file work_29.txt (compact mmCIF, C-alpha atoms)
# COMPACT_ATOMS: atom_id res chain seq x y z
CA MET Z 1 1.94 -18.17 14.83
CA ARG Z 2 4.75 -20.37 13.53
CA THR Z 3 8.25 -20.26 14.95
CA CYS Z 4 9.68 -18.95 11.68
CA THR Z 5 7.17 -16.08 11.71
CA ARG Z 6 8.16 -15.18 15.27
CA CYS Z 7 11.83 -15.22 14.25
CA LEU Z 8 11.16 -12.95 11.27
CA ILE Z 9 9.26 -10.43 13.38
CA ALA Z 10 11.95 -10.60 16.08
CA SER Z 11 14.66 -9.88 13.49
CA CYS Z 12 12.78 -6.75 12.39
CA TYR Z 13 12.37 -5.73 16.02
CA TYR Z 14 16.10 -5.97 16.83
CA ALA Z 15 17.15 -4.40 13.51
CA SER Z 16 14.89 -1.42 14.22
CA GLN Z 17 16.46 -0.98 17.64
CA LEU Z 18 19.94 -1.03 16.08
CA LEU Z 19 18.82 1.66 13.62
CA GLY Z 20 17.42 3.77 16.46
CA ILE Z 21 13.84 3.90 15.15
CA LEU Z 22 12.34 1.73 17.91
CA ALA Z 23 12.95 3.25 21.34
CA PHE Z 24 11.16 0.61 23.42
CA ARG Z 25 11.21 -3.13 23.98
CA TYR Z 26 8.94 -6.11 24.54
CA HIS Z 27 9.33 -7.64 27.98
CA PRO Z 28 10.01 -11.38 27.40
CA GLN Z 29 7.98 -12.55 30.41
CA THR Z 30 4.98 -10.23 30.55
CA GLY Z 31 4.91 -9.39 26.83
CA ARG Z 32 4.25 -5.77 27.72
CA VAL Z 33 6.00 -2.90 25.94
CA ASN Z 34 8.29 -0.84 28.13
CA THR Z 35 11.67 0.87 28.05
CA THR Z 36 14.87 0.96 30.07
CA ARG Z 37 17.49 3.61 30.70
CA ARG Z 38 20.15 1.66 28.80
CA LEU Z 39 17.88 1.16 25.78
CA THR Z 40 16.83 4.82 25.84
CA ILE Z 41 20.45 6.01 25.84
CA PHE Z 42 21.41 3.63 23.03
CA CYS Z 43 18.43 4.53 20.81
CA ALA Z 44 18.95 8.23 21.49
CA ALA Z 45 22.58 7.93 20.41
CA MET Z 46 21.59 6.10 17.21
CA SER Z 47 18.83 8.62 16.45
CA LEU Z 48 21.19 11.57 16.94
CA THR Z 49 23.76 9.86 14.72
CA LEU Z 50 21.14 9.37 12.03
CA LEU Z 51 20.05 13.01 12.21
CA ALA Z 52 23.69 14.16 12.18
CA ILE Z 53 24.31 12.14 9.00
CA ILE Z 54 21.26 13.72 7.34
CA ILE Z 55 22.38 17.22 8.35
CA LYS Z 56 25.87 16.57 6.99
CA VAL Z 57 24.43 15.41 3.68
CA LEU Z 58 22.19 18.46 3.40
CA VAL Z 59 25.09 20.81 4.20
CA ASN Z 60 27.40 19.20 1.61
CA PHE Z 61 24.71 18.61 -1.00
CA ASP Z 62 25.13 20.38 -4.34
CA TRP Z 63 22.12 22.70 -4.45
CA ASN Z 64 23.16 24.24 -7.79
CA LEU Z 65 20.07 24.11 -10.01
CA GLU Z 66 22.07 24.03 -13.26
CA ASN Z 67 23.97 20.94 -12.15
CA PHE Z 68 20.72 19.27 -11.13
CA LEU Z 69 19.07 20.02 -14.50
CA ALA Z 70 22.06 18.56 -16.31
CA TYR Z 71 21.18 15.04 -15.11
CA LYS Z 72 18.95 12.67 -17.05
CA PHE Z 73 15.32 12.66 -15.97
CA HIS Z 74 15.44 9.34 -14.09
CA LEU Z 75 18.49 10.55 -12.18
CA LYS Z 76 16.67 13.74 -11.21
CA VAL Z 77 13.85 11.60 -9.90
CA ARG Z 78 16.18 9.39 -7.88
CA ILE Z 79 17.82 12.46 -6.33
CA THR Z 80 14.40 13.93 -5.50
CA VAL Z 81 13.27 10.63 -3.99
CA PHE Z 82 16.48 10.57 -1.95
CA LEU Z 83 15.62 13.99 -0.50
CA ILE Z 84 12.05 12.86 0.19
CA ARG Z 85 13.35 9.78 1.99
CA MET Z 86 15.63 11.91 4.13
CA CYS Z 87 12.63 14.00 5.13
CA ALA Z 88 10.63 10.85 5.90
CA VAL Z 89 13.44 9.38 8.00
CA SER Z 90 13.92 12.65 9.89
CA ILE Z 91 10.20 12.81 10.62
CA THR Z 92 10.22 9.15 11.67
CA VAL Z 93 13.06 9.69 14.14
CA ILE Z 94 11.47 12.82 15.62
CA LEU Z 95 7.99 11.31 15.90
CA ASN Z 96 9.33 8.10 17.40
CA TRP Z 97 10.57 10.14 20.36
CA GLN Z 98 7.76 12.67 20.44
CA LYS Z 99 5.08 9.94 20.36
CA ARG Z 100 6.98 7.18 22.14
CA GLY Z 101 4.48 7.11 24.98
CA GLN Z 102 1.61 6.97 22.50
CA PHE Z 103 3.27 4.11 20.64
CA MET Z 104 3.76 2.13 23.85
CA THR Z 105 0.24 2.78 25.11
CA THR Z 106 -1.31 1.75 21.79
CA LEU Z 107 0.72 -1.46 21.61
CA ASN Z 108 -0.02 -2.45 25.22
CA GLU Z 109 -3.73 -1.78 24.83
CA PHE Z 110 -3.86 -3.72 21.57
CA GLN Z 111 -2.04 -6.67 23.10
CA LEU Z 112 -4.57 -6.84 25.94
CA LEU Z 113 -7.39 -6.63 23.42
CA GLN Z 114 -5.78 -9.36 21.31
CA GLN Z 115 -5.45 -11.72 24.28
CA LYS Z 116 -9.02 -11.12 25.39
CA PHE Z 117 -10.34 -11.47 21.83
CA GLN Z 118 -8.54 -14.72 21.03
CA LYS Z 119 -9.45 -16.19 24.41
CA LYS Z 120 -13.12 -15.74 23.52
CA TRP Z 121 -12.76 -16.68 19.84
CA PRO Z 122 -9.58 -18.72 19.11
CA ILE Z 123 -7.83 -18.13 15.81
CA SER Z 124 -8.62 -20.65 13.09
CA GLN Z 125 -5.93 -22.55 11.23
CA LYS Z 126 -6.79 -20.81 7.96
CA VAL Z 127 -6.44 -17.32 9.43
CA GLU Z 128 -3.17 -18.29 11.12
CA ASN Z 129 -1.73 -19.75 7.90
CA ASP Z 130 -2.73 -16.64 5.92
CA TYR Z 131 -1.08 -14.41 8.53
CA ASP Z 132 2.15 -16.44 8.51
CA GLU Z 133 2.27 -16.34 4.71
CA GLU Z 134 1.65 -12.58 4.54
CA ILE Z 135 4.31 -11.77 7.13
CA ALA Z 136 6.87 -14.08 5.50
CA ILE Z 137 6.31 -12.61 2.02
CA LYS Z 138 6.47 -9.03 3.30
CA ILE Z 139 9.57 -9.40 5.50
CA VAL Z 140 11.55 -11.52 3.02
CA GLY Z 141 10.56 -9.22 0.16
CA ASN Z 142 11.54 -6.22 2.25
CA LEU Z 143 14.92 -7.77 3.06
CA PHE Z 144 15.82 -8.58 -0.54
CA SER Z 145 14.45 -5.24 -1.69
CA ASN Z 146 16.80 -3.46 0.71
CA ILE Z 147 19.76 -5.59 -0.37
CA PHE Z 148 19.36 -5.22 -4.13
CA MET Z 149 18.23 -1.59 -4.08
CA SER Z 150 21.34 -0.74 -2.05
CA LEU Z 151 23.51 -2.79 -4.39
CA GLU Z 152 21.94 -1.06 -7.38
CA LEU Z 153 22.95 2.33 -6.00
CA TYR Z 154 26.61 1.28 -5.97
CA VAL Z 155 26.65 -0.66 -9.25
CA VAL Z 156 24.38 1.51 -11.43
CA PHE Z 157 23.87 4.99 -10.01
CA LYS Z 158 27.24 5.73 -8.45
CA PRO Z 159 29.03 5.79 -11.86
CA GLN Z 160 26.29 7.98 -13.35
CA LEU Z 161 25.94 10.45 -10.47
CA GLN Z 162 29.66 10.55 -9.73
CA TRP Z 163 28.88 10.81 -6.03
CA SER Z 164 31.16 9.76 -3.21
CA ASN Z 165 30.79 6.48 -1.32
CA PHE Z 166 29.46 8.45 1.65
CA PHE Z 167 26.52 9.89 -0.29
CA ILE Z 168 25.69 6.54 -1.89
CA SER Z 169 25.86 4.84 1.52
CA VAL Z 170 23.49 7.43 2.96
CA MET Z 171 21.09 6.84 0.05
CA ALA Z 172 21.13 3.12 0.86
CA LEU Z 173 20.68 3.84 4.57
CA MET Z 174 17.62 6.00 3.89
CA VAL Z 175 16.05 3.19 1.87
CA ILE Z 176 16.60 0.70 4.69
CA VAL Z 177 15.40 2.95 7.52
CA GLU Z 178 12.26 4.05 5.68
CA ASN Z 179 11.37 0.48 4.71
CA MET Z 180 11.91 -0.75 8.27
CA ALA Z 181 9.68 1.98 9.69
CA MET Z 182 6.84 1.15 7.29
CA LEU Z 183 7.34 -2.57 7.94
CA HIS Z 184 6.25 -1.99 11.55
CA PHE Z 185 3.13 -0.27 10.27
CA TYR Z 186 2.43 -3.25 8.01
CA ILE Z 187 2.82 -5.74 10.87
CA ALA Z 188 0.51 -3.70 13.10
CA ILE Z 189 -2.17 -3.61 10.38
CA ALA Z 190 -1.68 -7.34 9.73
CA ASP Z 191 -2.32 -8.07 13.43
CA ILE Z 192 -5.54 -6.06 13.27
CA ASN Z 193 -6.54 -7.90 10.07
CA VAL Z 194 -6.26 -11.19 11.96
CA LEU Z 195 -8.85 -10.03 14.49
CA LEU Z 196 -11.08 -8.71 11.70
CA ALA Z 197 -10.86 -12.11 9.97
CA ILE Z 198 -11.85 -13.92 13.19
CA LEU Z 199 -14.69 -11.43 13.66
CA ASN Z 200 -15.96 -12.18 10.14
CA GLU Z 201 -15.83 -15.91 10.80
CA GLN Z 202 -17.92 -15.52 13.93
CA LEU Z 203 -20.33 -13.19 12.16
CA GLN Z 204 -20.76 -15.71 9.36
CA ARG Z 205 -21.43 -18.46 11.91
CA ILE Z 206 -24.21 -16.39 13.50
CA CYS Z 207 -25.71 -15.45 10.13
CA GLN Z 208 -25.85 -19.08 9.04
CA ALA Z 209 -27.15 -20.42 12.36
CA SER Z 210 -30.67 -21.89 12.59
CA PRO Z 211 -32.61 -23.16 15.60
CA GLU Z 212 -32.47 -26.78 14.42
CA ILE Z 213 -28.69 -27.09 14.80
CA PHE Z 214 -28.74 -25.94 18.44
CA ASN Z 215 -29.30 -28.46 21.17
CA HIS Z 216 -27.89 -29.07 24.61
CA GLU Z 217 -25.53 -31.81 23.40
CA THR Z 218 -23.91 -29.85 20.55
CA THR Z 219 -23.79 -26.28 21.85
CA PRO Z 220 -22.43 -24.50 24.88
CA PHE Z 221 -25.76 -22.75 25.54
CA ARG Z 222 -27.24 -23.44 28.94
CA PRO Z 223 -30.70 -25.11 29.06
CA GLY Z 224 -33.55 -22.71 29.60
CA MET Z 225 -31.85 -19.73 27.95
CA ASP Z 226 -33.30 -18.21 24.81
CA GLN Z 227 -30.95 -19.12 22.00
CA TYR Z 228 -31.76 -15.96 20.08
CA LEU Z 229 -30.98 -13.78 23.05
CA LEU Z 230 -27.61 -15.50 23.29
CA LEU Z 231 -26.94 -14.92 19.61
CA SER Z 232 -28.05 -11.33 20.00
CA HIS Z 233 -25.66 -10.87 22.93
CA GLU Z 234 -22.79 -12.41 20.94
CA LEU Z 235 -23.57 -10.20 17.96
CA ASN Z 236 -23.54 -7.13 20.18
CA THR Z 237 -20.14 -8.25 21.49
CA LEU Z 238 -18.83 -8.57 17.93
CA ALA Z 239 -20.11 -5.08 17.17
CA LEU Z 240 -18.29 -3.73 20.22
CA TYR Z 241 -15.01 -5.34 19.15
CA HIS Z 242 -15.48 -4.01 15.62
CA LEU Z 243 -15.79 -0.48 16.96
CA ILE Z 244 -12.66 -0.94 19.09
CA LEU Z 245 -10.70 -2.26 16.10
CA VAL Z 246 -11.78 0.70 13.95
CA LYS Z 247 -10.43 3.03 16.62
CA PHE Z 248 -7.14 1.10 16.72
CA ILE Z 249 -6.83 1.33 12.93
CA ASN Z 250 -7.29 5.10 13.11
CA ARG Z 251 -4.72 5.39 15.91
CA VAL Z 252 -2.10 3.31 14.10
CA THR Z 253 -2.70 5.12 10.80
CA ALA Z 254 -2.33 8.49 12.51
CA LEU Z 255 1.07 7.44 13.87
CA TYR Z 256 2.41 6.64 10.39
CA GLU Z 257 0.41 8.94 8.09
CA ILE Z 258 3.28 11.33 7.24
CA GLN Z 259 5.73 8.50 6.55
CA GLY Z 260 3.09 6.73 4.48
CA SER Z 261 2.51 9.85 2.41
CA CYS Z 262 6.26 10.13 1.72
CA VAL Z 263 6.41 6.46 0.70
CA LEU Z 264 3.44 6.94 -1.63
CA LEU Z 265 5.01 10.03 -3.23
CA ALA Z 266 8.37 8.26 -3.67
CA MET Z 267 6.63 5.23 -5.18
CA TYR Z 268 4.72 7.44 -7.61
CA MET Z 269 7.88 9.19 -8.79
CA ASN Z 270 9.86 5.95 -9.00
CA HIS Z 271 7.23 4.31 -11.19
CA ALA Z 272 7.20 7.23 -13.63
CA ALA Z 273 11.01 7.25 -13.74
CA ILE Z 274 11.20 3.48 -14.28
CA ILE Z 275 8.79 3.59 -17.23
CA TYR Z 276 10.64 6.54 -18.75
CA ALA Z 277 14.10 5.00 -18.23
CA SER Z 278 12.95 1.63 -19.65
CA PHE Z 279 11.68 3.32 -22.80
CA MET Z 280 14.90 5.30 -23.17
CA PHE Z 281 16.98 2.17 -22.70
CA LEU Z 282 15.04 0.03 -25.15
CA TYR Z 283 14.21 2.47 -27.94
CA HIS Z 284 16.67 5.33 -27.72
CA ASP Z 285 19.89 3.38 -27.52
CA TYR Z 286 20.50 4.91 -24.11
CA ASN Z 287 23.73 3.41 -22.74
CA PRO Z 288 24.76 4.69 -19.32
CA SER Z 289 28.45 4.80 -18.52
CA LYS Z 290 29.99 1.56 -17.28
CA TRP Z 291 26.78 -0.38 -17.94
CA SER Z 292 27.26 -4.15 -18.04
CA GLU Z 293 25.40 -7.44 -17.77
CA TRP Z 294 26.01 -7.28 -14.03
CA SER Z 295 24.24 -3.91 -13.95
CA THR Z 296 21.29 -5.39 -15.85
CA LEU Z 297 21.04 -8.31 -13.41
CA VAL Z 298 21.23 -6.12 -10.30
CA THR Z 299 18.70 -3.63 -11.68
CA SER Z 300 16.29 -6.40 -12.66
CA LEU Z 301 16.47 -8.02 -9.22
CA ALA Z 302 16.14 -4.65 -7.49
CA LEU Z 303 13.02 -3.81 -9.50
CA PHE Z 304 11.53 -7.28 -8.98
CA PHE Z 305 11.88 -7.24 -5.19
CA TYR Z 306 10.91 -3.57 -4.99
CA PHE Z 307 7.62 -4.20 -6.77
CA LEU Z 308 7.10 -7.42 -4.79
CA ASP Z 309 7.56 -5.46 -1.57
CA MET Z 310 5.25 -2.64 -2.72
CA ARG Z 311 2.62 -5.17 -3.84
CA ALA Z 312 2.71 -6.89 -0.44
CA TYR Z 313 2.43 -3.52 1.29
CA ARG Z 314 -0.50 -2.41 -0.88
CA THR Z 315 -2.27 -5.77 -0.50
CA GLY Z 316 -1.92 -5.69 3.28
CA ILE Z 317 -3.36 -2.20 3.54
CA LEU Z 318 -6.25 -2.92 1.18
CA ARG Z 319 -7.02 -6.20 2.95
CA THR Z 320 -8.27 -4.22 5.94
CA GLN Z 321 -10.92 -2.58 3.79
CA GLU Z 322 -11.73 -5.95 2.17
CA LYS Z 323 -12.49 -7.37 5.61
CA PHE Z 324 -14.85 -4.48 6.22
CA VAL Z 325 -16.58 -5.04 2.86
CA GLU Z 326 -16.90 -8.73 3.67
CA MET Z 327 -18.52 -7.82 6.99
CA VAL Z 328 -21.07 -5.61 5.23
CA TYR Z 329 -21.78 -8.38 2.70
CA LEU Z 330 -22.41 -10.93 5.45
CA LEU Z 331 -24.94 -8.69 7.12
CA LYS Z 332 -26.71 -7.97 3.82
CA SER Z 333 -26.89 -11.62 2.78
CA ARG Z 334 -27.89 -13.09 6.14
CA GLU Z 335 -31.56 -13.29 5.10
CA LEU Z 336 -30.58 -16.09 2.70
CA TYR Z 337 -29.52 -18.27 5.62
CA TRP Z 338 -31.82 -17.21 8.46
CA PRO Z 339 -35.15 -19.10 8.70
CA VAL Z 340 -38.49 -17.40 9.13
CA LEU Z 341 -39.10 -16.90 12.84
CA GLU Z 342 -41.85 -15.52 14.95
CA GLU Z 343 -41.67 -11.78 15.55
CA SER Z 344 -41.19 -12.19 19.30
CA GLN Z 345 -38.15 -14.44 18.71
CA GLN Z 346 -36.57 -12.14 16.18
CA ASP Z 347 -36.96 -8.83 18.01
CA SER Z 348 -33.70 -8.88 19.98
CA LEU Z 349 -31.65 -10.49 17.22
CA GLU Z 350 -33.03 -8.25 14.49
CA ASN Z 351 -32.27 -5.19 16.56
CA SER Z 352 -28.71 -6.41 17.01
CA PHE Z 353 -28.31 -6.93 13.27
CA LYS Z 354 -29.75 -3.50 12.51
CA ASN Z 355 -27.56 -1.80 15.09
CA PHE Z 356 -24.47 -3.56 13.74
CA SER Z 357 -25.35 -2.49 10.18
CA LEU Z 358 -25.83 1.11 11.27
CA GLN Z 359 -22.52 1.00 13.10
CA LEU Z 360 -20.72 -0.22 9.97
CA ALA Z 361 -22.25 2.64 8.00
CA LYS Z 362 -21.32 5.24 10.61
CA PHE Z 363 -17.80 3.95 11.35
CA PRO Z 364 -16.33 2.60 8.09
CA VAL Z 365 -12.74 1.42 7.92
CA GLU Z 366 -10.71 4.08 6.09
CA MET Z 367 -6.98 4.52 5.52
CA LYS Z 368 -6.32 8.25 5.30
CA LEU Z 369 -3.09 10.03 4.45
CA VAL Z 370 -2.42 13.15 6.55
CA GLY Z 371 -6.16 13.21 7.22
CA LEU Z 372 -6.94 14.35 3.66
CA PHE Z 373 -6.76 11.49 1.16
CA LYS Z 374 -8.44 8.13 1.54
CA PHE Z 375 -6.26 5.28 0.30
CA ASP Z 376 -8.35 2.54 -1.26
CA ARG Z 377 -8.36 0.36 -4.37
CA SER Z 378 -9.76 3.12 -6.59
CA MET Z 379 -7.04 5.51 -5.46
CA ALA Z 380 -4.38 2.86 -6.14
CA PHE Z 381 -5.63 2.46 -9.71
CA SER Z 382 -5.80 6.24 -10.11
CA ILE Z 383 -2.17 6.56 -9.03
CA PHE Z 384 -1.14 3.84 -11.48
CA GLY Z 385 -3.05 5.50 -14.33
CA SER Z 386 -1.60 8.90 -13.49
CA THR Z 387 1.91 7.40 -13.46
CA ILE Z 388 1.42 5.98 -16.95
CA SER Z 389 0.03 9.28 -18.23
CA ASN Z 390 2.93 11.32 -16.85
CA ALA Z 391 5.46 8.85 -18.23
CA ILE Z 392 3.87 9.15 -21.69
CA VAL Z 393 4.06 12.95 -21.50
CA LEU Z 394 7.73 12.76 -20.59
CA ILE Z 395 8.43 10.34 -23.44
CA GLN Z 396 6.67 12.67 -25.89
CA TYR Z 397 8.69 15.58 -24.55
CA ASP Z 398 11.87 13.58 -25.06
CA TYR Z 399 10.88 12.75 -28.63
CA LYS Z 400 10.22 16.43 -29.32
CA ASN Z 401 13.62 17.46 -27.98
CA ASN Z 402 15.39 14.77 -29.99
CA SER Z 403 13.58 15.78 -33.16
CA ASP Z 404 14.45 19.43 -32.58
CA GLU Z 405 18.08 18.52 -32.18
call {"tool": "encode", "arguments": {"input": "work_29.txt", "output": "structure tokens"}}
result
Amino acid sequence: MRTCTRCLIASCYYASQLLGILAFRYHPQTGRVNTTRRLTIFCAAMSLTLLAIIIKVLVNFDWNLENFLAYKFHLKVRITVFLIRMCAVSITVILNWQKRGQFMTTLNEFQLLQQKFQKKWPISQKVENDYDEEIAIKIVGNLFSNIFMSLELYVVFKPQLQWSNFFISVMALMVIVENMAMLHFYIAIADINVLLAILNEQLQRICQASPEIFNHETTPFRPGMDQYLLLSHELNTLALYHLILVKFINRVTALYEIQGSCVLLAMYMNHAAIIYASFMFLYHDYNPSKWSEWSTLVTSLALFFYFLDMRAYRTGILRTQEKFVEMVYLLKSRELYWPVLEESQQDSLENSFKNFSLQLAKFPVEMKLVGLFKFDRSMAFSIFGSTISNAIVLIQYDYKNNSDE
């Protein structure tokens, strides 16, 4: 891991502690996750402050339905997304304390696994470079997304909503806190993807191995040992680590499934509102109050970094399933590389390959939301198609109303 990547992750770590959504710390010497009384008191104070702000907003919020229906559609969506984000942040704060021990245990166990895994199979330069690039794109995109989305609230939506600075500041705060919470989920999944990538590299090496390339001068195998038994033992070890990683993926996903569902719902509504508002702006001569070139610039940058951040998030989540598919493909295509061997030589290795294949079929890698919906590439395309369809319906409804008027 490069120094810049460590600095980026460290900045997210300290920012999350300041926001009160990370109630533990990494010990600088041991690297273990623990907590202290001072940190607990500070994070508790910040969490209570955050919940108090949310309660104050809900108490002073205008719940009059007629006033809400008077807003333009895209403003209704932004207000609804704001309420969803407040729910997500509230749940995040509560779960961070309720499951703090589970968070710490999971992180400590994963760190031990990571050290043991990389000691046996060191990370390749390609995997390390890919990890550094993914983390840099995600964190930088997340930072600029927070900046410009917050700026957009003040420049564009404050004049239209006629809300106070306090409400607009809380809207910006909800965006930042929710994005920071999901950023930790992304980093955790990215760390698991690194181990899955190393596992695939080792699996490919075993699949492509042949007896001719093994000799005492070029391999670490001890003389007198059956090479195929050694490969079989290594393949069984890879299968064991795969099963452990699948369990870690399920544990991490379970910790963030509610927040992830809220993010997915907010993203869905935002996309429909953006398409609708863009059509209104371009073809209906829709001119919001106090709109200027500065508003256009801020909105464009906010949308650009928002979609960049969402794309990085979606790609990181789907990459886990891509690693699993790659693993299945390697096992299916291994016959193209493996030479014809005597049955006695292949018995142990073939059994290992078969057992690994059965394990992949029984324990697939799945990202589930609240235990009900499986998030994969097909679901992502379905969400995008549904967003377009709903936006078209809303545009047709708007045309009908304008024609009636």
call {"tool": "closest_atom_pairs", "arguments": {"input": "work_29.txt", "of": "segment 125-193 of chain Z", "to": "segment 98-110 of chain Z", "cutoff": "10 Å", "atoms": "all atoms listed in the file", "output": "JSON lines"}}
result
{"residue": "Z:Ala188", "atom": "CA", "partner": "Z:Leu107", "partner_atom": "CA", "distance": 8.8}
{"residue": "Z:Asp191", "atom": "CA", "partner": "Z:Phe110", "partner_atom": "CA", "distance": 9.4}
{"residue": "Z:Ile192", "atom": "CA", "partner": "Z:Phe110", "partner_atom": "CA", "distance": 8.8}
call {"tool": "residues_near_point", "arguments": {"input": "work_29.txt", "point": "(0.3, -18.3, 10.5)", "cutoff": "10 Å", "atoms": "all atoms listed in the file", "output": "short mmCIF file (atom, residue, chain, number, x, y, z; two decimals) with C-alpha atoms, keeping the file's coordinate frame"}}
result
data_model
loop_
_atom_site.label_atom_id
_atom_site.label_comp_id
_atom_site.auth_asym_id
_atom_site.auth_seq_id
_atom_site.Cartn_x
_atom_site.Cartn_y
_atom_site.Cartn_z
CA MET Z 1 1.94 -18.17 14.83
CA ARG Z 2 4.75 -20.37 13.53
CA THR Z 3 8.25 -20.26 14.95
CA CYS Z 4 9.68 -18.95 11.68
CA THR Z 5 7.17 -16.08 11.71
CA ARG Z 6 8.16 -15.18 15.27
CA ILE Z 123 -7.83 -18.13 15.81
CA SER Z 124 -8.62 -20.65 13.09
CA GLN Z 125 -5.93 -22.55 11.23
CA LYS Z 126 -6.79 -20.81 7.96
CA VAL Z 127 -6.44 -17.32 9.43
CA GLU Z 128 -3.17 -18.29 11.12
CA ASN Z 129 -1.73 -19.75 7.90
CA ASP Z 130 -2.73 -16.64 5.92
CA TYR Z 131 -1.08 -14.41 8.53
CA ASP Z 132 2.15 -16.44 8.51
CA GLU Z 133 2.27 -16.34 4.71
CA GLU Z 134 1.65 -12.58 4.54
CA ILE Z 135 4.31 -11.77 7.13
CA ALA Z 136 6.87 -14.08 5.50
CA VAL Z 194 -6.26 -11.19 11.96
#
call {"tool": "closest_residue", "arguments": {"input": "work_29.txt", "among": "Z:Leu243, Z:Met267, Z:Leu231, Z:Ala44", "to": "Val365 of chain Z", "atoms": "only C-alpha atoms"}}
result
Z:Leu243
call {"tool": "residues_around", "arguments": {"input": "work_29.txt", "residues": "Thr387 of chain Z", "least_positions_apart": "5", "cutoff": "9 Å", "atoms": "only C-alpha atoms", "output": "list of chain:residue names"}}
result
Z:Tyr268, Z:Met269, Z:His271, Z:Ala272, Z:Ile275, Z:Ser382, Z:Ile392
call {"tool": "closest_residue", "arguments": {"input": "work_29.txt", "among": "Z:Gly141, Z:Pro122, Z:Gly260, Z:Pro159", "to": "Ala181 of chain Z", "atoms": "only C-alpha atoms"}}
result
Z:Gly260
call {"tool": "closest_residue", "arguments": {"input": "work_29.txt", "among": "Z:Thr92, Z:Thr80, Z:Gln204, Z:Thr315", "to": "Val177 of chain Z", "atoms": "all atoms listed in the file"}}
result
Z:Thr92
call {"tool": "closest_residue", "arguments": {"input": "work_29.txt", "among": "Z:Ile94, Z:Leu330, Z:Leu349, Z:Leu196", "to": "Tyr228 of chain Z", "atoms": "only C-alpha atoms"}}
result
Z:Leu349
call {"tool": "residues_around", "arguments": {"input": "work_29.txt", "residues": "Leu75 of chain Z", "least_positions_apart": "6", "cutoff": "9 Å", "atoms": "all atoms listed in the file", "output": "list of chain:residue names"}}
result
Z:Phe157, Z:Gln160, Z:Leu161, Z:Ala273
call {"tool": "closest_residue", "arguments": {"input": "work_29.txt", "among": "Z:Leu173, Z:Asn67, Z:Ser145, Z:Cys43", "to": "Met86 of chain Z", "atoms": "all atoms listed in the file"}}
result
Z:Leu173
call {"tool": "closest_residue", "arguments": {"input": "work_29.txt", "among": "Z:Asn142, Z:Ile9, Z:Ile79, Z:His242", "to": "Asn193 of chain Z", "atoms": "all atoms listed in the file"}}
result
Z:His242
call {"tool": "axis_aligned_box", "arguments": {"input": "work_29.txt", "around": "segment 89-107 of chain Z", "padding_each_side": "8 Å", "output": "lines of an AutoDock Vina configuration file"}}
result
center_x = 6.3
center_y = 5.7
center_z = 16.6
size_x = 31.2
size_y = 30.3
size_z = 33.1
call {"tool": "atom_distance", "arguments": {"input": "work_29.txt", "atom1": "atom CA of Ala312 of chain Z", "atom2": "atom CA of Lys138 of chain Z"}}
result
5.7 Å
call {"tool": "atom_distance", "arguments": {"input": "work_29.txt", "atom1": "atom CA of Phe148 of chain Z", "atom2": "atom CA of Ser164 of chain Z"}}
result
19.1 Å
call {"tool": "atom_distance", "arguments": {"input": "work_29.txt", "atom1": "atom CA of Tyr154 of chain Z", "atom2": "atom CA of Gly20 of chain Z"}}
result
24.4 Å
call {"tool": "residues_around", "arguments": {"input": "work_29.txt", "residues": "Ser150 of chain Z", "least_positions_apart": "6", "cutoff": "10 Å", "atoms": "only C-alpha atoms", "output": "PDB file with C-alpha atoms, keeping the file's coordinate frame"}}
result
ATOM      1  CA  PHE Z 144      15.820  -8.580  -0.540  1.00  0.00           C
ATOM      2  CA  ILE Z 168      25.690   6.540  -1.890  1.00  0.00           C
ATOM      3  CA  SER Z 169      25.860   4.840   1.520  1.00  0.00           C
ATOM      4  CA  VAL Z 170      23.490   7.430   2.960  1.00  0.00           C
ATOM      5  CA  MET Z 171      21.090   6.840   0.050  1.00  0.00           C
ATOM      6  CA  ALA Z 172      21.130   3.120   0.860  1.00  0.00           C
ATOM      7  CA  LEU Z 173      20.680   3.840   4.570  1.00  0.00           C
ATOM      8  CA  MET Z 174      17.620   6.000   3.890  1.00  0.00           C
ATOM      9  CA  VAL Z 175      16.050   3.190   1.870  1.00  0.00           C
ATOM     10  CA  ILE Z 176      16.600   0.700   4.690  1.00  0.00           C
ATOM     11  CA  VAL Z 298      21.230  -6.120 -10.300  1.00  0.00           C
ATOM     12  CA  ALA Z 302      16.140  -4.650  -7.490  1.00  0.00           C
TER      13      ALA Z 302
END
call {"tool": "residues_around", "arguments": {"input": "work_29.txt", "residues": "Glu293 of chain Z", "least_positions_apart": "6", "cutoff": "12 Å", "atoms": "all atoms listed in the file", "output": "short mmCIF file (atom, residue, chain, number, x, y, z; two decimals) with C-alpha atoms, keeping the file's coordinate frame"}}
result
data_model
loop_
_atom_site.label_atom_id
_atom_site.label_comp_id
_atom_site.auth_asym_id
_atom_site.auth_seq_id
_atom_site.Cartn_x
_atom_site.Cartn_y
_atom_site.Cartn_z
CA VAL Z 155 26.65 -0.66 -9.25
CA VAL Z 156 24.38 1.51 -11.43
CA THR Z 299 18.70 -3.63 -11.68
CA SER Z 300 16.29 -6.40 -12.66
#
